[in-house]
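For reference, entry_1.cif (mmCIF, C-alpha atoms):
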data_final
loop_
_atom_site.group_PDB
_atom_site.id
_atom_site.type_symbol
_atom_site.label_atom_id
_atom_site.label_comp_id
_atom_site.auth_asym_id
_atom_site.auth_seq_id
_atom_site.Cartn_x
_atom_site.Cartn_y
_atom_site.Cartn_z
ATOM 1 C CA MET R 1 221.437 92.301 -258.608
ATOM 2 C CA ASP R 2 220.098 94.323 -255.675
ATOM 3 C CA TYR R 3 219.911 98.101 -255.763
ATOM 4 C CA VAL R 4 219.167 100.679 -253.074
ATOM 5 C CA ALA R 5 217.378 103.961 -253.659
ATOM 6 C CA ILE R 6 217.816 106.756 -251.118
ATOM 7 C CA CYS R 7 214.892 109.135 -250.698
ATOM 8 C CA LEU R 8 213.829 111.752 -248.189
ATOM 9 C CA LYS R 9 212.456 110.254 -244.988
ATOM 10 C CA GLY R 10 208.698 110.297 -245.297
ATOM 11 C CA LEU R 11 208.680 109.566 -249.032
ATOM 12 C CA GLU R 12 209.436 105.844 -248.702
ATOM 13 C CA GLU R 13 205.947 104.730 -249.724
ATOM 14 C CA ILE R 14 206.127 106.706 -252.969
ATOM 15 C CA ALA R 15 209.671 105.468 -253.648
ATOM 16 C CA GLU R 16 208.568 101.874 -253.026
ATOM 17 C CA LYS R 17 205.927 102.188 -255.742
ATOM 18 C CA GLU R 18 208.328 103.856 -258.176
ATOM 19 C CA THR R 19 211.085 101.278 -257.789
ATOM 20 C CA LYS R 20 208.752 98.344 -257.046
ATOM 21 C CA GLY R 21 210.925 97.776 -254.020
ATOM 22 C CA LYS R 22 210.669 97.550 -250.243
ATOM 23 C CA LYS R 23 211.777 99.834 -247.428
ATOM 24 C CA ILE R 24 214.673 98.314 -245.488
ATOM 25 C CA LEU R 25 215.693 101.362 -243.437
ATOM 26 C CA PRO R 26 214.353 104.914 -243.098
ATOM 27 C CA GLY R 27 214.913 106.603 -246.460
ATOM 28 C CA ARG R 28 216.265 103.397 -248.061
ATOM 29 C CA ILE R 29 214.399 101.250 -250.579
ATOM 30 C CA LEU R 30 215.754 97.896 -251.747
ATOM 31 C CA PHE R 31 214.785 96.791 -255.251
ATOM 32 C CA LYS R 32 215.912 94.027 -257.556
ATOM 33 C CA LYS R 33 216.665 95.745 -260.821
ATOM 34 C CA ILE R 34 216.545 99.123 -262.493
ATOM 35 C CA LEU R 35 213.316 99.322 -264.448
ATOM 36 C CA GLY R 36 214.023 101.427 -267.524
ATOM 37 C CA LYS R 37 216.346 104.402 -267.341
ATOM 38 C CA VAL R 38 217.270 105.937 -264.032
ATOM 39 C CA SER R 39 217.384 109.586 -264.913
ATOM 40 C CA SER R 40 216.137 112.995 -264.020
ATOM 41 C CA LYS R 41 216.074 116.340 -265.784
ATOM 42 C CA ASN R 42 219.482 116.816 -264.183
ATOM 43 C CA GLU R 43 221.330 113.500 -264.150
ATOM 44 C CA LYS R 44 224.899 113.671 -262.878
ATOM 45 C CA SER R 45 227.244 110.989 -264.181
ATOM 46 C CA LEU R 46 230.205 109.556 -262.299
ATOM 47 C CA LYS R 47 232.479 111.926 -264.191
ATOM 48 C CA GLY R 48 230.548 114.906 -262.909
ATOM 49 C CA LYS R 49 229.026 115.797 -266.255
ATOM 50 C CA THR R 50 225.360 116.539 -266.705
ATOM 51 C CA LYS R 51 223.353 114.349 -269.053
ATOM 52 C CA ALA R 52 219.988 115.929 -269.726
ATOM 53 C CA LYS R 53 217.222 113.561 -270.752
ATOM 54 C CA LYS R 54 214.555 115.569 -272.503
ATOM 55 C CA ASN R 55 211.395 115.698 -270.402
ATOM 56 C CA SER R 56 212.382 112.455 -268.673
ATOM 57 C CA ILE R 57 211.999 112.073 -264.939
ATOM 58 C CA ASN R 58 212.111 108.537 -263.598
ATOM 59 C CA PHE R 59 212.331 107.890 -259.883
ATOM 60 C CA GLY R 60 211.107 111.412 -259.170
ATOM 61 C CA SER R 61 211.045 110.818 -255.407
ATOM 62 C CA VAL R 62 214.598 109.437 -255.226
ATOM 63 C CA ASN R 63 217.926 111.217 -254.643
ATOM 64 C CA ILE R 64 220.534 108.469 -255.053
ATOM 65 C CA VAL R 65 220.707 104.958 -256.522
ATOM 66 C CA TYR R 66 223.523 102.502 -255.832
ATOM 67 C CA LYS R 67 224.219 98.848 -256.530
ATOM 68 C CA LEU R 68 224.281 96.951 -253.230
ATOM 69 C CA ILE R 69 227.323 94.753 -252.549
ATOM 70 C CA LYS R 70 227.081 94.054 -248.813
ATOM 71 C CA ARG R 71 224.958 94.940 -245.798
ATOM 72 C CA PHE R 72 225.994 94.423 -242.168
ATOM 73 C CA GLU R 73 225.847 95.859 -238.653
ATOM 74 C CA PHE R 74 228.881 97.383 -236.940
ATOM 75 C CA LYS R 75 230.018 98.907 -233.658
ATOM 76 C CA GLU R 76 233.327 100.583 -234.513
ATOM 77 C CA GLN R 77 234.328 102.382 -237.697
ATOM 78 C CA GLU R 78 237.301 100.050 -238.191
ATOM 79 C CA GLU R 79 234.824 97.208 -238.796
ATOM 80 C CA ILE R 80 233.682 98.972 -241.963
ATOM 81 C CA LEU R 81 237.170 98.816 -243.448
ATOM 82 C CA GLU R 82 237.581 95.179 -242.410
ATOM 83 C CA GLN R 83 234.325 94.235 -244.096
ATOM 84 C CA PHE R 84 235.305 96.212 -247.193
ATOM 85 C CA LYS R 85 238.614 94.340 -247.453
ATOM 86 C CA LYS R 86 236.730 91.040 -247.703
ATOM 87 C CA LEU R 87 234.739 92.176 -250.743
ATOM 88 C CA LYS R 88 235.688 91.375 -254.318
ATOM 89 C CA ILE R 89 234.851 94.706 -255.920
ATOM 90 C CA LYS R 90 236.250 95.567 -259.317
ATOM 91 C CA VAL R 91 237.566 99.076 -258.750
ATOM 92 C CA LYS R 92 238.923 100.822 -261.842
ATOM 93 C CA LYS R 93 242.123 102.869 -261.805
ATOM 94 C CA LYS R 94 240.450 106.175 -260.896
ATOM 95 C CA PHE R 95 238.096 106.010 -257.935
ATOM 96 C CA ARG R 96 236.246 108.067 -255.355
ATOM 97 C CA VAL R 97 234.663 107.126 -252.032
ATOM 98 C CA ASP R 98 231.366 108.711 -250.963
ATOM 99 C CA CYS R 99 229.946 108.194 -247.486
ATOM 100 C CA HIS R 100 226.279 108.984 -246.793
ATOM 101 C CA ARG R 101 225.656 108.935 -243.041
ATOM 102 C CA ASP R 102 222.511 109.224 -240.892
ATOM 103 C CA GLY R 103 222.516 108.947 -237.123
ATOM 104 C CA THR R 104 224.763 109.643 -234.166
ATOM 105 C CA HIS R 105 228.311 108.395 -234.534
ATOM 106 C CA SER R 106 231.716 109.046 -233.026
ATOM 107 C CA PHE R 107 233.116 109.615 -236.523
ATOM 108 C CA LYS R 108 232.361 111.794 -239.527
ATOM 109 C CA SER R 109 231.603 110.741 -243.098
ATOM 110 C CA VAL R 110 234.927 112.124 -244.337
ATOM 111 C CA GLU R 111 236.792 109.807 -241.942
ATOM 112 C CA ILE R 112 235.194 106.742 -243.551
ATOM 113 C CA GLU R 113 235.972 108.088 -247.014
ATOM 114 C CA LYS R 114 239.604 108.608 -246.011
ATOM 115 C CA LEU R 115 239.858 105.194 -244.346
ATOM 116 C CA ILE R 116 238.816 103.308 -247.481
ATOM 117 C CA GLY R 117 240.514 105.772 -249.826
ATOM 118 C CA VAL R 118 243.918 105.261 -248.205
ATOM 119 C CA TYR R 119 243.448 101.479 -248.358
ATOM 120 C CA LEU R 120 242.719 101.577 -252.102
ATOM 121 C CA GLN R 121 245.577 103.974 -252.808
ATOM 122 C CA LYS R 122 247.952 101.438 -251.273
ATOM 123 C CA LYS R 123 246.784 99.108 -254.037
ATOM 124 C CA ASN R 124 248.123 101.580 -256.610
ATOM 125 C CA LEU R 125 244.696 103.012 -257.416
ATOM 126 C CA GLU R 126 244.282 106.730 -258.018
ATOM 127 C CA LEU R 127 241.904 108.899 -256.002
ATOM 128 C CA ASP R 128 240.067 111.219 -258.406
ATOM 129 C CA PHE R 129 237.266 113.483 -257.184
ATOM 130 C CA LYS R 130 236.461 115.052 -260.559
ATOM 131 C CA GLU R 131 236.406 112.140 -263.010
ATOM 132 C CA PRO R 132 236.275 108.843 -261.114
ATOM 133 C CA GLU R 133 235.648 105.645 -263.058
ATOM 134 C CA THR R 134 234.331 103.911 -259.942
ATOM 135 C CA VAL R 135 232.552 105.435 -256.965
ATOM 136 C CA ILE R 136 232.484 103.325 -253.812
ATOM 137 C CA PHE R 137 229.337 104.222 -251.879
ATOM 138 C CA ILE R 138 229.237 103.725 -248.101
ATOM 139 C CA ASP R 139 225.710 104.191 -246.751
ATOM 140 C CA ILE R 140 225.464 104.321 -242.957
ATOM 141 C CA TYR R 141 222.259 104.457 -240.924
ATOM 142 C CA GLU R 142 222.834 104.221 -237.159
ATOM 143 C CA ASN R 143 224.682 100.876 -236.748
ATOM 144 C CA ASN R 144 223.791 99.620 -240.234
ATOM 145 C CA CYS R 145 226.309 99.840 -243.044
ATOM 146 C CA LEU R 146 225.595 99.191 -246.709
ATOM 147 C CA ILE R 147 228.463 99.093 -249.191
ATOM 148 C CA GLY R 148 227.818 99.527 -252.885
ATOM 149 C CA LEU R 149 228.738 101.110 -256.185
ATOM 150 C CA LEU R 150 227.156 104.420 -257.032
ATOM 151 C CA GLU R 151 224.828 104.301 -260.053
ATOM 152 C CA LYS R 152 223.246 107.770 -260.058
ATOM 153 C CA GLU R 153 223.388 110.794 -257.772
ATOM 154 C CA GLU R 154 221.638 114.144 -257.380
ATOM 155 C CA LEU R 155 218.464 112.850 -259.001
ATOM 156 C CA GLN R 156 216.559 115.394 -256.895
ATOM 157 C CA LYS R 157 218.090 118.239 -258.884
ATOM 158 C CA ARG R 158 216.469 119.595 -262.015
ATOM 159 C CA ASP R 159 218.086 121.658 -264.745
ATOM 160 C CA TYR R 160 215.016 123.859 -264.994
ATOM 161 C CA ARG R 161 215.386 125.227 -261.447
ATOM 162 C CA VAL R 162 217.142 128.433 -262.481
ATOM 163 C CA LYS R 163 214.962 131.212 -261.062
ATOM 164 C CA LEU R 164 213.878 130.263 -257.554
ATOM 165 C CA ASN R 165 211.608 131.988 -255.084
ATOM 166 C CA PRO R 166 212.817 132.345 -251.474
ATOM 167 C CA ASP R 167 210.264 129.765 -250.300
ATOM 168 C CA THR R 168 210.698 127.218 -253.085
ATOM 169 C CA ILE R 169 209.875 123.509 -252.814
ATOM 170 C CA ASN R 170 212.013 120.400 -253.237
ATOM 171 C CA PRO R 171 211.078 118.705 -256.563
ATOM 172 C CA CYS R 172 210.936 115.264 -254.905
ATOM 173 C CA ILE R 173 208.203 116.509 -252.572
ATOM 174 C CA ALA R 174 206.326 118.111 -255.463
ATOM 175 C CA PHE R 175 206.580 114.913 -257.520
ATOM 176 C CA SER R 176 205.386 112.809 -254.587
ATOM 177 C CA ALA R 177 202.345 114.990 -253.913
ATOM 178 C CA LEU R 178 201.379 114.685 -257.587
ATOM 179 C CA SER R 179 201.794 110.910 -257.423
ATOM 180 C CA LEU R 180 199.513 110.679 -254.394
ATOM 181 C CA ILE R 181 196.469 112.459 -255.878
ATOM 182 C CA LYS R 182 195.911 109.748 -258.513
ATOM 183 C CA TYR R 183 196.844 112.195 -261.243
ATOM 184 C CA LYS R 184 195.968 110.502 -264.523
ATOM 185 C CA LYS R 185 195.701 111.128 -268.252
ATOM 186 C CA GLY R 186 193.168 113.799 -269.152
ATOM 187 C CA ASP R 187 193.094 115.454 -265.724
ATOM 188 C CA ILE R 188 193.298 119.209 -265.287
ATOM 189 C CA LEU R 189 195.963 120.056 -262.705
ATOM 190 C CA VAL R 190 195.936 123.428 -260.944
ATOM 191 C CA ASP R 191 198.454 125.026 -258.595
ATOM 192 C CA PRO R 192 196.862 128.279 -257.365
ATOM 193 C CA ILE R 193 200.087 129.424 -255.642
ATOM 194 C CA CYS R 194 202.685 128.282 -258.156
ATOM 195 C CA ARG R 195 205.623 130.496 -257.086
ATOM 196 C CA ASP R 196 208.571 129.448 -259.292
ATOM 197 C CA GLY R 197 206.593 126.695 -261.003
ATOM 198 C CA ILE R 198 208.132 123.567 -259.454
ATOM 199 C CA ILE R 199 204.830 121.705 -258.957
ATOM 200 C CA THR R 200 203.408 122.703 -262.333
ATOM 201 C CA ILE R 201 206.608 121.746 -264.171
ATOM 202 C CA GLU R 202 206.769 118.359 -262.445
ATOM 203 C CA ALA R 203 203.131 117.835 -263.447
ATOM 204 C CA ALA R 204 203.762 118.882 -267.050
ATOM 205 C CA LEU R 205 206.731 116.507 -267.300
ATOM 206 C CA MET R 206 204.360 113.644 -266.445
ATOM 207 C CA LYS R 207 202.452 114.424 -269.656
ATOM 208 C CA LYS R 208 199.019 113.534 -268.330
ATOM 209 C CA GLY R 209 196.837 116.580 -268.950
ATOM 210 C CA LYS R 210 196.561 120.353 -268.992
ATOM 211 C CA VAL R 211 198.468 122.162 -266.250
ATOM 212 C CA PHE R 212 197.593 125.587 -264.859
ATOM 213 C CA GLY R 213 199.602 127.769 -262.500
ATOM 214 C CA LEU R 214 198.452 131.004 -260.903
ATOM 215 C CA ASP R 215 200.198 133.547 -258.725
ATOM 216 C CA LYS R 216 200.687 137.263 -258.229
ATOM 217 C CA ASN R 217 204.120 137.016 -259.854
ATOM 218 C CA ILE R 218 204.709 134.265 -262.432
ATOM 219 C CA ARG R 219 208.005 135.542 -263.878
ATOM 220 C CA ASN R 220 210.175 132.817 -262.352
ATOM 221 C CA ALA R 221 207.663 130.105 -263.210
ATOM 222 C CA ARG R 222 207.589 131.262 -266.814
ATOM 223 C CA ILE R 223 211.392 131.229 -267.111
ATOM 224 C CA ASN R 224 211.735 127.807 -265.480
ATOM 225 C CA SER R 225 208.986 126.263 -267.615
ATOM 226 C CA LYS R 226 210.710 127.487 -270.786
ATOM 227 C CA ILE R 227 213.968 125.884 -269.660
ATOM 228 C CA ALA R 228 212.080 122.654 -268.906
ATOM 229 C CA LYS R 229 210.480 122.874 -272.371
ATOM 230 C CA VAL R 230 207.011 122.143 -271.075
ATOM 231 C CA GLU R 231 203.679 123.772 -271.790
ATOM 232 C CA ILE R 232 202.004 125.311 -268.743
ATOM 233 C CA ASN R 233 199.106 127.729 -268.681
ATOM 234 C CA LEU R 234 200.431 130.458 -266.380
ATOM 235 C CA SER R 235 198.359 133.457 -265.369
ATOM 236 C CA GLN R 236 198.881 136.364 -263.010
ATOM 237 C CA ASN R 237 195.630 136.069 -261.081
ATOM 238 C CA GLU R 238 194.439 136.281 -257.509
ATOM 239 C CA ILE R 239 193.009 133.183 -255.820
ATOM 240 C CA ASP R 240 189.458 134.532 -255.868
ATOM 241 C CA TRP R 241 189.535 134.179 -259.662
ATOM 242 C CA LEU R 242 189.612 130.382 -259.486
ATOM 243 C CA ASP R 243 185.845 129.862 -259.626
ATOM 244 C CA THR R 244 185.597 132.113 -262.695
ATOM 245 C CA LYS R 245 188.526 130.470 -264.490
ATOM 246 C CA PHE R 246 187.597 126.820 -263.898
ATOM 247 C CA LYS R 247 184.336 124.885 -264.030
ATOM 248 C CA LYS R 248 182.760 123.339 -260.976
ATOM 249 C CA ASN R 249 184.201 119.945 -259.979
ATOM 250 C CA SER R 250 186.729 120.046 -262.831
ATOM 251 C CA CYS R 251 190.270 120.105 -261.387
ATOM 252 C CA LYS R 252 192.786 118.244 -259.335
ATOM 253 C CA ILE R 253 194.847 120.536 -257.153
ATOM 254 C CA VAL R 254 198.386 120.376 -255.777
ATOM 255 C CA SER R 255 199.924 123.364 -254.033
ATOM 256 C CA TYR R 256 202.571 124.366 -251.508
ATOM 257 C CA LEU R 257 200.715 126.619 -249.099
ATOM 258 C CA PRO R 258 202.320 129.633 -247.392
ATOM 259 C CA SER R 259 203.019 129.241 -243.701
ATOM 260 C CA VAL R 260 203.297 131.701 -240.838
ATOM 261 C CA SER R 261 206.591 133.586 -241.123
ATOM 262 C CA LYS R 262 208.097 137.050 -240.914
ATOM 263 C CA ARG R 263 206.466 137.825 -244.264
ATOM 264 C CA HIS R 264 203.105 136.175 -243.492
ATOM 265 C CA SER R 265 201.289 136.760 -240.198
ATOM 266 C CA GLU R 266 198.963 134.065 -238.868
ATOM 267 C CA SER R 267 195.910 136.220 -239.548
ATOM 268 C CA ASP R 268 197.030 136.738 -243.169
ATOM 269 C CA VAL R 269 197.629 133.005 -243.627
ATOM 270 C CA ARG R 270 194.229 132.109 -242.164
ATOM 271 C CA ARG R 271 192.443 134.588 -244.450
ATOM 272 C CA LEU R 272 194.264 133.061 -247.411
ATOM 273 C CA TYR R 273 193.363 129.502 -246.355
ATOM 274 C CA SER R 274 189.725 130.473 -245.877
ATOM 275 C CA GLU R 275 189.496 131.771 -249.453
ATOM 276 C CA LEU R 276 191.498 128.864 -250.846
ATOM 277 C CA PHE R 277 189.281 126.194 -249.342
ATOM 278 C CA HIS R 278 186.184 128.089 -250.437
ATOM 279 C CA GLN R 279 187.527 127.959 -253.997
ATOM 280 C CA PHE R 280 188.682 124.337 -253.645
ATOM 281 C CA ASN R 281 185.172 123.292 -252.671
ATOM 282 C CA TYR R 282 183.922 124.689 -255.961
ATOM 283 C CA ILE R 283 186.578 123.687 -258.533
ATOM 284 C CA ALA R 284 188.019 120.463 -257.028
ATOM 285 C CA LYS R 285 187.052 117.286 -258.847
ATOM 286 C CA ASP R 286 188.118 114.850 -256.144
ATOM 287 C CA TYR R 287 191.670 114.875 -254.748
ATOM 288 C CA ILE R 288 193.749 117.763 -253.455
ATOM 289 C CA GLY R 289 197.420 117.515 -252.514
ATOM 290 C CA LEU R 290 198.681 120.145 -250.080
ATOM 291 C CA ILE R 291 202.264 120.669 -248.976
ATOM 292 C CA VAL R 292 202.385 122.532 -245.673
ATOM 293 C CA ARG R 293 204.879 123.217 -242.952
ATOM 294 C CA LYS R 294 202.304 123.089 -240.135
ATOM 295 C CA LYS R 295 199.413 120.727 -240.728
ATOM 296 C CA ASP R 296 197.323 121.996 -237.814
ATOM 297 C CA LEU R 297 196.727 125.305 -239.618
ATOM 298 C CA ILE R 298 194.501 123.637 -242.222
ATOM 299 C CA ASN R 299 192.369 121.685 -239.742
ATOM 300 C CA SER R 300 189.834 124.494 -239.379
ATOM 301 C CA TYR R 301 188.992 124.386 -243.086
ATOM 302 C CA LEU R 302 188.346 120.680 -243.639
ATOM 303 C CA ASN R 303 184.551 120.607 -243.243
ATOM 304 C CA ASP R 304 184.043 119.691 -246.892
ATOM 305 C CA PHE R 305 187.065 117.398 -247.161
ATOM 306 C CA LYS R 306 188.537 114.341 -245.500
ATOM 307 C CA ILE R 307 192.208 113.468 -245.103
ATOM 308 C CA THR R 308 193.052 110.249 -246.982
ATOM 309 C CA TYR R 309 196.820 110.309 -246.545
ATOM 310 C CA GLU R 310 199.511 112.298 -244.787
ATOM 311 C CA THR R 311 203.246 112.067 -244.260
ATOM 312 C CA GLU R 312 205.948 114.231 -242.688
ATOM 313 C CA ILE R 313 209.190 114.836 -244.585
ATOM 314 C CA GLY R 314 212.404 116.051 -243.029
ATOM 315 C CA ILE R 315 215.054 118.022 -244.885
ATOM 316 C CA GLY R 316 217.695 118.916 -242.345
ATOM 317 C CA ASP R 317 215.925 120.892 -239.634
ATOM 318 C CA ASP R 318 212.974 121.725 -241.904
ATOM 319 C CA LYS R 319 209.759 119.716 -241.704
ATOM 320 C CA PHE R 320 207.141 119.493 -244.440
ATOM 321 C CA ASN R 321 203.847 117.648 -244.572
ATOM 322 C CA ILE R 322 202.070 116.240 -247.602
ATOM 323 C CA VAL R 323 198.360 116.060 -246.877
ATOM 324 C CA ILE R 324 196.015 114.437 -249.401
ATOM 325 C CA LEU R 325 192.376 115.484 -249.176
ATOM 326 C CA LYS R 326 189.326 114.047 -250.874
ATOM 327 C CA LYS R 327 186.310 116.198 -251.478
ATOM 328 C CA ASN R 328 183.089 115.134 -249.780
ATOM 329 C CA ILE R 329 180.615 114.587 -252.596
#

Structure translated into structure tokens:
Amino acid sequence: MDYVAICLKGLEEIAEKETKGKKILPGRILFKKILGKVSSKNEKSLKGKTKAKKNSINFGSVNIVYKLIKRFEFKEQEEILEQFKKLKIKVKKKFRVDCHRDGTHSFKSVEIEKLIGVYLQKKNLELDFKEPETVIFIDIYENNCLIGLLEKEELQKRDYRVKLNPDTINPCIAFSALSLIKYKKGDILVDPICRDGIITIEAALMKKGKVFGLDKNIRNARINSKIAKVEINLSQNEIDWLDTKFKKNSCKIVSYLPSVSKRHSESDVRRLYSELFHQFNYIAKDYIGLIVRKKDLINSYLNDFKITYETEIGIGDDKFNIVILKKNI
């Protein structure tokens, strides 16, 4: 049986490795079978109930998984219904239709949901948004349509994300950055600007090594880590303490760096980056994963590092970059 995983555009390579699948469309990975449990710290079932799997995050870069029934190209929205009618899908009494749509179309997602919903209701099936027994999933990308049955949704959410900073980070991006730095058992992982602890918690859930998070205010990170039931070494320290807290060439680093904003002027950001990279050059063992909104701001500080990988991720109108650096030894 074929499955499709939906991830953020730009994270396809990480999702391919996780699912052992292949990209078929932007943000869509086709894979043959579910390897192990598809779950996250906040796994939403078809009945809308949360099933928490203790410290279990599989497919950390993926948002949605569905079982693929049919894939085709279309021109008009009516073709989607016609193709659906030809399928032999076992739909239980209570159902829901979800449409996930990317691209420019003359119709909205809700119109497709209504089109198929009305058809199924005429077959004496009951539309139920709260506790459906079957969820028909219509995935549209430009003129491509994939029809399937929803397996898991909202895998990007985490139960531990209770106290969030204004400039928080999507857990899928945090997970992906950690995956890209070759984070392995016994490594020391440091986030020198941990904010609400998303990166450090994702690292701790991987159960590979000691995890350290630093920031001026660690209250939210401490609360979230307790909810996640993970052990993180959190300390309220300035960045210039890094070389006194950690040994030379001892750590792997992943961090979401501040960008220029109303709260952070460009001069302030550049001073921060200058100190950060000075500290990175001392404590970094090999790889550093940086999540930034504007990649060009770090270019001035790369004398002692080389870029080994980079990708741009889009979330609505927001753009993020994951940049993986390797220390010049």

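Minimum distance to Ile239 (chain R) across R:Leu115, R:Ala15, R:Ile283, R:Leu272 (counting all atoms listed in the file) occurs at R:Leu272.
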
_Straight-line distance linking CA of Asn233 (chain R) with CA of Asp191 (chain R), stated in Å to one decimal_ = 10.5 Å

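Run against this file, the PyMOL selection byres ((chain R and resi 279) around 8) gives back R:Ile239, R:Asp240, R:Leu242, R:Asp243, R:Glu275, R:Leu276, R:Phe277, R:His278, R:Phe280, R:Asn281, R:Tyr282, R:Ile283.
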
Mind dumping the selected residues with C-alpha atoms as a PDB file, keeping the file's coordinate frame?
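This is the output file result33.pdb:
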ATOM      1  CA  ILE R 239     193.009 133.183-255.820  1.00  0.00           C
ATOM      2  CA  ASP R 240     189.458 134.532-255.868  1.00  0.00           C
ATOM      3  CA  LEU R 242     189.612 130.382-259.486  1.00  0.00           C
ATOM      4  CA  ASP R 243     185.845 129.862-259.626  1.00  0.00           C
ATOM      5  CA  GLU R 275     189.496 131.771-249.453  1.00  0.00           C
ATOM      6  CA  LEU R 276     191.498 128.864-250.846  1.00  0.00           C
ATOM      7  CA  PHE R 277     189.281 126.194-249.342  1.00  0.00           C
ATOM      8  CA  HIS R 278     186.184 128.089-250.437  1.00  0.00           C
ATOM      9  CA  PHE R 280     188.682 124.337-253.645  1.00  0.00           C
ATOM     10  CA  ASN R 281     185.172 123.292-252.671  1.00  0.00           C
ATOM     11  CA  TYR R 282     183.922 124.689-255.961  1.00  0.00           C
ATOM     12  CA  ILE R 283     186.578 123.687-258.533  1.00  0.00           C
TER      13      ILE R 283
END

Could you state which residues are captured by the PyMOL selection byres ((chain R and resi 87) around 12) in this file, as a compact mmCIF listing (two decimals) with C-alpha atoms, in the coordinates of the input?
# COMPACT_ATOMS: atom_id res chain seq x y z
CA LEU R 68 224.28 96.95 -253.23
CA ILE R 69 227.32 94.75 -252.55
CA LYS R 70 227.08 94.05 -248.81
CA ARG R 71 224.96 94.94 -245.80
CA ILE R 80 233.68 98.97 -241.96
CA LEU R 81 237.17 98.82 -243.45
CA GLU R 82 237.58 95.18 -242.41
CA GLN R 83 234.32 94.24 -244.10
CA PHE R 84 235.30 96.21 -247.19
CA LYS R 85 238.61 94.34 -247.45
CA LYS R 86 236.73 91.04 -247.70
CA LYS R 88 235.69 91.38 -254.32
CA ILE R 89 234.85 94.71 -255.92
CA LYS R 90 236.25 95.57 -259.32
CA VAL R 91 237.57 99.08 -258.75
CA ILE R 136 232.48 103.32 -253.81
CA ILE R 147 228.46 99.09 -249.19
CA GLY R 148 227.82 99.53 -252.88

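Here CA of Lys22 (chain R) and CA of Phe137 (chain R) stand 19.9 Å from one another.
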
Selection result of the PyMOL selection byres ((chain R and resi 164) around 6) on this file, as a JSON list (two decimals) with C-alpha atoms, keeping the file's coordinate frame:
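Everything below was put into result.json:
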[["chain", "number", "residue", "atom", "x", "y", "z"],
["R", 163, "LYS", "CA", 214.96, 131.21, -261.06],
["R", 165, "ASN", "CA", 211.61, 131.99, -255.08],
["R", 196, "ASP", "CA", 208.57, 129.45, -259.29]]

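Counting from CA of Asn321 (chain R), the distance to CA of Val292 (chain R) is 5.2 Å.
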
_Calculated over all atoms listed in the file, which of the candidates R:Ile29, R:Leu149, R:Leu178, R:Ile322 has the smallest distance to Glu133 (chain R)?_
R:Leu149

_Long-range neighbours of Phe95 (chain R) as number ranges by chain, 8 Å cut-off, all atoms listed in the file, 4 positions minimum in chain_ = R: 91, 125-129, 132-136

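Using only C-alpha atoms for every distance, the candidate list R:Lys326, R:Lys294, R:Lys130, R:Lys23 yields R:Lys23 as the residue closest to Lys9 (chain R).
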
*List the neighbours of Ile138 (chain R) out to 8 Å using all atoms listed in the file; skip same-chain residues closer than 3 positions along the sequence, and give me the result as a ChimeraX atom specification.*
/R:97-100,145-148

*Name the closest residue to Arg158 (chain R) among the candidates R:Thr104, R:Asn170, R:Asn299, R:Ser176; distances are taken between atoms, counting only C-alpha atoms.*
R:Asn170

*asked:* What's around region 264-270 of chain R at 10 Å? Count all atoms listed in the file, leave out sequence neighbours fewer than 6 positions away in its own chain, and write the answer as a PyMOL selection string.
replied: chain R and resi 257-258+276+297-298+300-301

Since the input lacks atoms, please generate N, CA and C atoms for region 141-150 of chain R and provide them as a compact mmCIF listing (two decimals), in the coordinates of the input.
# COMPACT_ATOMS: atom_id res chain seq x y z
N TYR R 141 223.42 104.01 -241.69
CA TYR R 141 222.26 104.46 -240.92
C TYR R 141 222.36 103.84 -239.54
N GLU R 142 222.61 104.69 -238.54
CA GLU R 142 222.83 104.22 -237.16
C GLU R 142 223.94 103.16 -237.17
N ASN R 143 223.64 101.90 -236.77
CA ASN R 143 224.68 100.88 -236.75
C ASN R 143 224.60 99.95 -237.96
N ASN R 144 223.88 100.38 -238.99
CA ASN R 144 223.79 99.62 -240.23
C ASN R 144 224.73 100.23 -241.27
N CYS R 145 225.43 99.37 -241.98
CA CYS R 145 226.31 99.84 -243.04
C CYS R 145 226.00 99.06 -244.32
N LEU R 146 225.81 99.79 -245.40
CA LEU R 146 225.60 99.19 -246.71
C LEU R 146 226.70 99.68 -247.63
N ILE R 147 227.38 98.75 -248.27
CA ILE R 147 228.46 99.09 -249.19
C ILE R 147 228.01 98.79 -250.61
N GLY R 148 228.25 99.74 -251.51
CA GLY R 148 227.82 99.53 -252.88
C GLY R 148 228.62 100.34 -253.88
N LEU R 149 228.15 100.31 -255.11
CA LEU R 149 228.74 101.11 -256.18
C LEU R 149 227.70 102.11 -256.66
N LEU R 150 228.09 103.36 -256.67
CA LEU R 150 227.16 104.42 -257.03
C LEU R 150 226.72 104.28 -258.50
